[in-house]
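One file, data_30.cif, is given below (mmCIF, C-alpha atoms and all ligand atoms).
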data_entry
#
loop_
_atom_site.label_atom_id
_atom_site.label_comp_id
_atom_site.auth_asym_id
_atom_site.auth_seq_id
_atom_site.Cartn_x
_atom_site.Cartn_y
_atom_site.Cartn_z
CA MET A 141 0.00 0.00 0.00
CA THR A 142 1.41 3.40 -0.90
CA THR A 143 1.65 6.17 1.60
CA LYS A 144 -1.01 8.09 -0.27
CA THR A 145 -3.49 5.18 -0.16
CA LEU A 146 -2.79 4.65 3.51
CA PHE A 147 -3.44 8.31 4.16
CA SER A 148 -6.83 8.24 2.43
CA CYS A 149 -7.76 5.08 4.38
CA LEU A 150 -6.98 6.93 7.59
CA LEU A 151 -9.13 9.81 6.42
CA LEU A 152 -11.98 7.43 5.70
CA ALA A 153 -11.61 5.78 9.09
CA GLY A 154 -11.59 9.23 10.64
CA SER A 155 -14.77 10.30 8.91
CA SER A 156 -16.66 7.11 9.80
CA MET A 157 -15.61 7.63 13.42
CA ALA A 158 -16.95 11.17 13.21
CA VAL A 159 -20.48 9.92 12.62
CA ALA A 160 -20.20 6.97 15.02
CA SER A 161 -21.95 8.85 17.79
CA GLN A 162 -25.08 9.33 15.75
CA PRO A 163 -27.07 6.08 16.03
CA SER A 164 -29.13 5.02 13.04
CA GLN A 165 -32.92 5.25 13.14
CA ALA A 166 -33.10 1.43 13.12
CA VAL A 167 -30.89 1.20 16.20
CA LEU A 168 -32.95 3.87 17.95
CA ASP A 169 -36.21 2.15 17.04
CA ALA A 170 -34.89 -1.14 18.48
CA ALA A 171 -33.71 0.43 21.76
CA LYS A 172 -36.10 0.22 24.67
CA VAL A 173 -37.20 3.33 26.51
CA SER A 174 -35.24 3.56 29.75
CA THR A 175 -37.04 3.56 33.10
CA THR A 176 -33.94 4.61 35.07
CA LEU A 177 -32.45 7.30 32.82
CA SER A 178 -33.88 10.72 32.06
CA VAL A 179 -32.84 13.74 30.03
CA THR A 180 -34.32 17.08 31.11
CA ASP A 181 -33.84 20.82 30.62
CA CYS A 182 -32.77 20.29 27.03
CA TRP A 183 -32.14 23.36 24.88
CA ILE A 184 -30.31 24.08 21.69
CA ARG A 185 -28.64 27.35 20.83
CA ALA A 186 -30.00 28.67 17.55
CA ILE A 187 -27.03 29.31 15.29
CA PRO A 188 -27.46 30.03 11.57
CA ALA A 189 -26.30 27.08 9.42
CA PRO A 190 -23.73 26.01 8.38
CA ALA A 191 -22.24 26.70 11.82
CA PRO A 192 -23.04 23.83 14.19
CA ALA A 193 -25.37 24.46 17.13
CA GLY A 194 -24.72 23.37 20.71
CA GLY A 195 -27.27 21.26 22.57
CA PHE A 196 -27.33 21.27 26.37
CA PHE A 197 -29.22 19.07 28.83
CA LEU A 198 -29.13 17.21 32.12
CA VAL A 199 -28.82 13.41 32.19
CA LYS A 200 -29.98 11.65 35.34
CA ASN A 201 -29.22 8.02 36.13
CA SER A 202 -31.34 6.62 38.96
CA GLY A 203 -30.05 3.09 38.38
CA ASP A 204 -27.40 1.12 40.27
CA GLN A 205 -24.97 0.90 37.35
CA ASP A 206 -22.86 3.50 35.59
CA VAL A 207 -24.22 4.01 32.08
CA LYS A 208 -22.53 5.58 29.08
CA LEU A 209 -24.28 7.97 26.73
CA ILE A 210 -23.02 6.80 23.34
CA GLY A 211 -24.94 8.96 20.90
CA ALA A 212 -27.81 11.25 20.05
CA ALA A 213 -29.93 11.93 16.98
CA SER A 214 -32.70 14.33 16.00
CA PRO A 215 -35.03 14.24 13.02
CA ALA A 216 -34.54 18.02 12.82
CA TYR A 217 -30.77 17.77 12.24
CA GLY A 218 -28.74 15.86 9.69
CA LEU A 219 -25.91 15.11 12.08
CA THR A 220 -25.55 15.05 15.85
CA MET A 221 -22.31 14.42 17.71
CA LEU A 222 -21.15 14.37 21.32
CA HIS A 223 -18.50 17.00 22.01
CA GLN A 224 -16.39 18.19 24.88
CA THR A 225 -14.93 21.67 25.21
CA THR A 226 -11.63 21.79 27.04
CA HIS A 227 -9.72 24.82 28.25
CA SER A 228 -6.00 25.23 28.61
CA GLY A 229 -3.79 28.29 28.64
CA GLY A 230 -6.69 30.63 27.93
CA MET A 231 -7.64 28.70 24.79
CA SER A 232 -10.72 26.59 24.40
CA ARG A 233 -11.15 23.86 21.85
CA MET A 234 -13.68 21.14 21.35
CA SER A 235 -13.38 17.57 20.24
CA GLU A 236 -15.71 14.69 19.61
CA VAL A 237 -16.06 12.12 22.38
CA PRO A 238 -17.25 8.54 21.74
CA SER A 239 -19.16 8.30 25.02
CA VAL A 240 -19.81 10.09 28.29
CA THR A 241 -20.31 8.16 31.55
CA VAL A 242 -23.31 8.99 33.72
CA PRO A 243 -22.57 7.63 37.20
CA ALA A 244 -24.96 5.35 39.07
CA LYS A 245 -27.38 7.40 41.16
CA GLY A 246 -25.87 10.50 39.60
CA THR A 247 -26.39 13.28 37.11
CA LEU A 248 -24.28 14.73 34.36
CA ALA A 249 -24.83 18.21 32.96
CA PHE A 250 -24.11 18.94 29.32
CA LYS A 251 -23.54 22.68 29.39
CA PRO A 252 -21.81 25.52 27.53
CA GLY A 253 -18.03 25.27 27.88
CA ASP A 254 -18.20 21.57 28.77
CA TYR A 255 -19.84 18.48 27.34
CA HIS A 256 -22.46 19.30 24.70
CA ALA A 257 -24.23 17.87 21.72
CA MET A 258 -23.14 19.36 18.41
CA LEU A 259 -25.97 19.55 15.91
CA GLU A 260 -25.47 20.22 12.23
CA GLN A 261 -27.64 20.50 9.12
CA PRO A 262 -30.86 21.86 10.71
CA ASP A 263 -34.11 21.51 8.82
CA THR A 264 -36.70 24.30 8.49
CA SER A 265 -38.42 23.33 11.79
CA VAL A 266 -35.45 24.73 13.73
CA LYS A 267 -36.57 28.22 14.82
CA VAL A 268 -36.22 30.11 18.09
CA GLY A 269 -39.05 29.06 20.41
CA ALA A 270 -39.71 25.77 18.61
CA LYS A 271 -39.14 22.38 20.19
CA VAL A 272 -37.43 19.55 18.39
CA GLN A 273 -37.22 15.90 19.33
CA VAL A 274 -33.86 14.45 20.28
CA SER A 275 -33.20 10.77 21.08
CA PHE A 276 -30.32 9.73 23.31
CA LEU A 277 -28.81 6.23 23.15
CA PHE A 278 -26.97 4.54 26.02
CA ASP A 279 -24.55 1.60 26.12
CA ASN A 280 -27.05 -0.58 28.01
CA GLY A 281 -29.22 -0.57 24.87
CA GLU A 282 -31.75 1.87 26.28
CA LYS A 283 -32.87 5.23 24.93
CA VAL A 284 -34.44 8.43 26.17
CA VAL A 285 -36.50 10.59 23.80
CA THR A 286 -37.01 14.20 24.80
CA GLN A 287 -37.95 17.62 23.43
CA CYS A 288 -35.35 20.37 23.21
CA GLU A 289 -36.23 24.03 22.99
CA ILE A 290 -34.50 26.22 20.42
CA MET A 291 -33.16 29.23 22.32
CA PRO A 292 -31.71 32.52 20.99
CA ALA A 293 -28.01 32.50 20.08
CA ASN A 294 -27.08 34.74 23.01
CA THR A 295 -28.55 32.36 25.62
CA ARG A 296 -25.94 31.41 28.19
CA GLY A 297 -27.90 28.85 30.12
CA HIS A 298 -31.28 27.88 31.47
CA GLY A 299 -32.41 29.59 34.66
CA HIS A 300 -30.03 32.51 34.24
CA THR A 301 -27.08 30.52 35.52
CA GLN A 302 -23.74 31.91 34.45
CA HIS A 303 -22.01 29.68 31.97
CA ARG A 304 -19.20 30.33 29.64
CA GLN A 305 -20.05 30.66 25.99
CA HIS A 306 -19.55 27.63 23.80
CU CU B 1 -18.95 21.27 19.80
#
Would you encode the structure as structure tokens?
Amino acid sequence: MTTKTLFSCLLLAGSSMAVASQPSQAVLDAAKVSTTLSVTDCWIRAIPAPAPAGGFFLVKNSGDQDVKLIGAASPAYGLTMLHQTTHSGGMSRMSEVPSVTVPAKGTLAFKPGDYHAMLEQPDTSVKVGAKVQVSFLFDNGEKVVTQCEIMPANTRGHGHTQHRQH
């Protein structure tokens, strides 16, 4: 294999990994609705396409086992990924994460400047004040389906809490 071929294989592998956190509709349909996991307070910052929009929410795990959130999908967006923003030396950058652990009997907040969903390719239903459906898939094979409110681009957080911008 030539170096050039190897390089394009790596690119291909990289791009298939990039969509790995968006489960297919068939996988979501097959997943059973969780009785121990919930997703609440979900909102999405309205950002004009093609810039990706951040999605923020609270995951609660009332079960006895740690569970990993492994992906999310919305019929209103073409692509949804799980991202984490990290800060070092006054710089912030974000990268895709394959999963995020929600501890047993615990909660995990996806919030600006931290873990978030990254939503791309909005359809015409995405308008400030509208609600869109988002499904969340976990590594125990369960799902949570919730509604997320589209909030103005300058929203920093629900309930007037002070969060850093995305
Ligand atoms: Cu992001």
Taking only C-alpha atoms and all ligand atoms and a cut-off of 8 Å, can you tell me which residues surround ligand CU 1 (chain B), written as number ranges by chain?
A: 192-194, 221-225, 234-236, 256-258, 306
At what distance in Å, to one decimal, does CA of Gly253 (chain A) lie from CA of Phe278 (chain A)?
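Atom-to-atom, CA of Phe278 (chain A) to CA of Gly253 (chain A), that is 22.7 Å.
Across A:Leu248, A:Val242, A:Leu209, A:Ile187, the tightest approach to Ser275 (chain A) is made by A:Leu209 when counting all atoms listed in the file.
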Correct to one decimal, the distance CA of Ala170 (chain A)-CA of Thr286 (chain A) is 16.7 Å
One number please: CA of Lys251 (chain A) to CA of Lys200 (chain A), in Å, one decimal.
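So the two atoms, CA of Lys251 (chain A) and CA of Lys200 (chain A), lie 14.1 Å apart.
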If you count all atoms listed in the file, which residues fall within 10 Å of Glu289 (chain A), apart from same-chain ones fewer than 3 positions away, as a list in words?
Asp181, Cys182, Trp183, Ile184, Arg185, Ala186, Gly195, Phe196, Val266, Lys267, Val268, Gly269, Ala270, Lys271, Val272, Gln273 and Pro292 of chain A
Here is a test: counting only C-alpha atoms, which residue of A:Val285, A:Arg233, A:Pro238, A:Asn294 is nearest to Asp169 (chain A)?
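Checking each of A:Val285, A:Arg233, A:Pro238, A:Asn294 against Asp169 (chain A), counting only C-alpha atoms, the winner is A:Val285.
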Which residue out of A:Ser228, A:Thr220, A:Asn280, A:Thr180 has the minimum interatomic distance to Phe250 (chain A) when all atoms listed in the file are used?
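Ranked by minimum distance to Phe250 (chain A), first place goes to A:Thr180.
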When you count all atoms listed in the file, which of these residues is closest to Gly203 (chain A): A:Thr226, A:Thr175, A:Thr295, A:Thr241?
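Of A:Thr226, A:Thr175, A:Thr295, A:Thr241, the one nearest Gly203 (chain A), counting all atoms listed in the file, is A:Thr175.
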Among listed residues A:Ala249, A:Ala293, A:Leu259, A:Val240, nearest Tyr217 (chain A) (using all atoms listed in the file):
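For Tyr217 (chain A), the nearest of the given residues is A:Leu259.
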Return the single residue from A:Ala171, A:Ala216, A:Ala189, A:Ala244 that is closest to Cys288 (chain A), with distances computed using only C-alpha atoms.
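Residue with the minimum atom-to-atom distance to Cys288 (chain A): A:Ala216.
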